[in-house]
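Asker: Here's a structure for you.
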Amino acid sequence: MLDHMFRRRALVYTTTPPASSTFRSRQPGRTKAFAATGKPKYFIPVHGEFRHLFRHAALAHQVGAVSGEILLLEDGHCIEFNEDGAFRREPVTAGRVLVDSGSLEEVEEVVVRERKHLSEDGVVVPIIAIDKHTGKLGSQPEIVSRGFISDNGSDLMAGARDIVLRTINTSNPKKCPTGP
């Protein structure tokens with residue numbers, strides 16, 4: 001939330017100190033010492049969350065530590081340096097790489113998105129055993145849910161089981177799977 005506000009250039013005042021040791025602007029002596037060693041043409045803070053980068057850049061500007069530009073970048077932002085100066089370029093894909101456990105292959109973004117939806121919304125799966133020769137139930141349907149129903153959802157699960165039973169019992173037996 002704070003980083004979002006800093007990206008919008010809001011002035012943010014907090015009553016609690018930062019939890020991270022990466023907050024270097026609370027140590028202005030380092031930036032002032034940096035300024036005393038010579039003024040670089042470009043200054044790019046690179047460590048911490050956006051609010052840390054923002055405050056470090058603001059302090060560098062305040063103490064006059066930079067003769068040229070102060071550039072605020074985030075993961076994936078690119079800068080090209082050449083004899084004419086520094087130029088922002090098209091961003092590149094950057095960030096976390098998610099790996100499925102038991103595999104070293106990268107998980108596609110669509111899979112991660114689907115897993116996120118499942119974790120937020122939950123899933124309900126009816127498990128139905130149908131005799132392939134008769135088309136009749138081999139046992140009572142089982143309803144399994146994950147992330148969907150609290151402990152006192154037994155009435156709902158019983159109702160779902162009844163609906164599954166009625167649907168199977170009233171379906172056309174010719175349409176039921178009869179095997180090869």
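Letters A, B, ... mark the chains of the structure tokens in the order given; residue numbers begin at 1 per chain; ligand numbers begin at 1, in order shown.
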Got a sec to tell me which of stretch 3-166 of chain A DSSP assigns to helix (DSSP H, G or I), as a ChimeraX atom specification?

Answerer: /A:3-7,24-26,28-36,50-62,109-121,154-166

Asker: Would you pick out the contacts of A:Val92 at 8 Å or less, using only C-alpha atoms, so that residues sharing its chain but fewer than 3 positions from it are not included, and give the list as a PDB file with N, CA, C and O atoms, in the first residue's frame?

Answerer:
```pdb
ATOM      1  N   GLY A  76      12.586  -4.919 -13.940  1.00  0.00           N
ATOM      2  CA  GLY A  76      12.168  -4.982 -15.336  1.00  0.00           C
ATOM      3  C   GLY A  76      12.363  -3.697 -16.107  1.00  0.00           C
ATOM      4  O   GLY A  76      12.310  -3.696 -17.332  1.00  0.00           O
ATOM      5  N   HIS A  77      12.579  -2.570 -15.403  1.00  0.00           N
ATOM      6  CA  HIS A  77      12.821  -1.307 -16.105  1.00  0.00           C
ATOM      7  C   HIS A  77      14.255  -1.301 -16.617  1.00  0.00           C
ATOM      8  O   HIS A  77      15.176  -1.716 -15.916  1.00  0.00           O
ATOM      9  N   CYS A  78      14.439  -0.817 -17.830  1.00  0.00           N
ATOM     10  CA  CYS A  78      15.761  -0.843 -18.462  1.00  0.00           C
ATOM     11  C   CYS A  78      16.253   0.569 -18.747  1.00  0.00           C
ATOM     12  O   CYS A  78      15.479   1.448 -19.120  1.00  0.00           O
TER      13      CYS A  78
END
```

Asker: Under the rule that only C-alpha atoms are counted, which of A:Ser119, A:Val110, A:Glu69, A:Asp75 is the nearest residue to A:His47?

Answerer: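 Closest to A:His47, using only C-alpha atoms: A:Asp75.
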
Asker: With distances taken over only C-alpha atoms, which of A:Glu74, A:Arg146, A:Glu80, A:Val107 is nearest to A:Ala94?

Answerer: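 The closest residue to A:Ala94 is A:Glu74.
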
Asker: Which residues are near A:Pro141? Cut-off 12 Å, only C-alpha atoms, ignore same chain within fewer than 3 positions. Put them as number ranges by chain.

Answerer: A: 125-130, 136-138, 144, 157-169

Asker: Write a file of the just-selected residues containing N, CA, C and O atoms, as a short mmCIF file (atom, residue, chain, number, x, y, z; two decimals), in the first residue's frame.

Answerer:
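The resulting out-v2.cif:
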```cif
data_model
loop_
_atom_site.label_atom_id
_atom_site.label_comp_id
_atom_site.auth_asym_id
_atom_site.auth_seq_id
_atom_site.Cartn_x
_atom_site.Cartn_y
_atom_site.Cartn_z
N VAL A 125 -15.78 -31.18 -5.87
CA VAL A 125 -15.71 -32.25 -6.86
C VAL A 125 -16.57 -33.42 -6.42
O VAL A 125 -16.36 -33.97 -5.33
N PRO A 126 -17.55 -33.81 -7.25
CA PRO A 126 -18.29 -35.04 -6.93
C PRO A 126 -17.51 -36.25 -7.46
O PRO A 126 -17.02 -36.23 -8.59
N ILE A 127 -17.39 -37.27 -6.65
CA ILE A 127 -16.72 -38.50 -7.08
C ILE A 127 -17.81 -39.55 -7.22
O ILE A 127 -18.50 -39.87 -6.24
N ILE A 128 -17.97 -40.05 -8.45
CA ILE A 128 -19.07 -40.96 -8.75
C ILE A 128 -18.51 -42.22 -9.39
O ILE A 128 -17.78 -42.16 -10.38
N ALA A 129 -18.86 -43.38 -8.81
CA ALA A 129 -18.45 -44.67 -9.38
C ALA A 129 -19.67 -45.26 -10.09
O ALA A 129 -20.69 -45.53 -9.46
N ILE A 130 -19.57 -45.43 -11.41
CA ILE A 130 -20.68 -45.98 -12.20
C ILE A 130 -20.22 -47.31 -12.80
O ILE A 130 -19.15 -47.39 -13.42
N LYS A 136 -25.38 -48.22 -13.57
CA LYS A 136 -25.88 -47.89 -12.22
C LYS A 136 -24.72 -47.50 -11.32
O LYS A 136 -23.55 -47.83 -11.57
N LEU A 137 -25.07 -46.81 -10.24
CA LEU A 137 -24.05 -46.40 -9.27
C LEU A 137 -23.41 -47.62 -8.61
O LEU A 137 -24.12 -48.54 -8.20
N GLY A 138 -22.10 -47.58 -8.50
CA GLY A 138 -21.39 -48.66 -7.81
C GLY A 138 -21.37 -48.41 -6.31
O GLY A 138 -21.28 -49.34 -5.52
N VAL A 144 -16.25 -33.92 -2.40
CA VAL A 144 -15.02 -33.44 -1.78
C VAL A 144 -14.92 -31.95 -2.06
O VAL A 144 -15.15 -31.50 -3.19
N MET A 157 -23.41 -30.18 1.94
CA MET A 157 -22.81 -31.34 1.27
C MET A 157 -23.84 -32.45 1.07
O MET A 157 -23.85 -33.10 0.03
N ALA A 158 -24.70 -32.66 2.06
CA ALA A 158 -25.75 -33.68 1.93
C ALA A 158 -26.71 -33.29 0.82
O ALA A 158 -27.14 -34.14 0.02
N GLY A 159 -27.05 -32.01 0.72
CA GLY A 159 -27.91 -31.52 -0.36
C GLY A 159 -27.26 -31.72 -1.72
O GLY A 159 -27.93 -32.12 -2.69
N ALA A 160 -25.97 -31.44 -1.80
CA ALA A 160 -25.25 -31.63 -3.06
C ALA A 160 -25.24 -33.11 -3.45
O ALA A 160 -25.44 -33.47 -4.61
N ARG A 161 -25.03 -33.99 -2.47
CA ARG A 161 -25.03 -35.44 -2.73
C ARG A 161 -26.41 -35.88 -3.24
O ARG A 161 -26.51 -36.66 -4.18
N ASP A 162 -27.49 -35.34 -2.64
CA ASP A 162 -28.85 -35.68 -3.09
C ASP A 162 -29.09 -35.24 -4.53
O ASP A 162 -29.70 -35.97 -5.32
N ILE A 163 -28.61 -34.07 -4.89
CA ILE A 163 -28.77 -33.57 -6.26
C ILE A 163 -28.04 -34.48 -7.24
O ILE A 163 -28.55 -34.83 -8.30
N VAL A 164 -26.83 -34.89 -6.89
CA VAL A 164 -26.05 -35.79 -7.75
C VAL A 164 -26.81 -37.11 -7.91
O VAL A 164 -26.95 -37.64 -9.03
N LEU A 165 -27.32 -37.66 -6.80
CA LEU A 165 -28.08 -38.92 -6.86
C LEU A 165 -29.32 -38.79 -7.75
O LEU A 165 -29.58 -39.65 -8.59
N ARG A 166 -30.09 -37.73 -7.55
CA ARG A 166 -31.29 -37.52 -8.37
C ARG A 166 -30.94 -37.38 -9.84
O ARG A 166 -31.63 -37.92 -10.71
N THR A 167 -29.89 -36.65 -10.13
CA THR A 167 -29.48 -36.44 -11.53
C THR A 167 -29.12 -37.77 -12.18
O THR A 167 -29.54 -38.06 -13.31
N ILE A 168 -28.37 -38.60 -11.48
CA ILE A 168 -27.97 -39.89 -12.04
C ILE A 168 -29.17 -40.82 -12.18
O ILE A 168 -29.35 -41.49 -13.19
N ASN A 169 -30.04 -40.86 -11.16
CA ASN A 169 -31.20 -41.76 -11.17
C ASN A 169 -32.23 -41.37 -12.23
O ASN A 169 -32.96 -42.23 -12.72
#
```
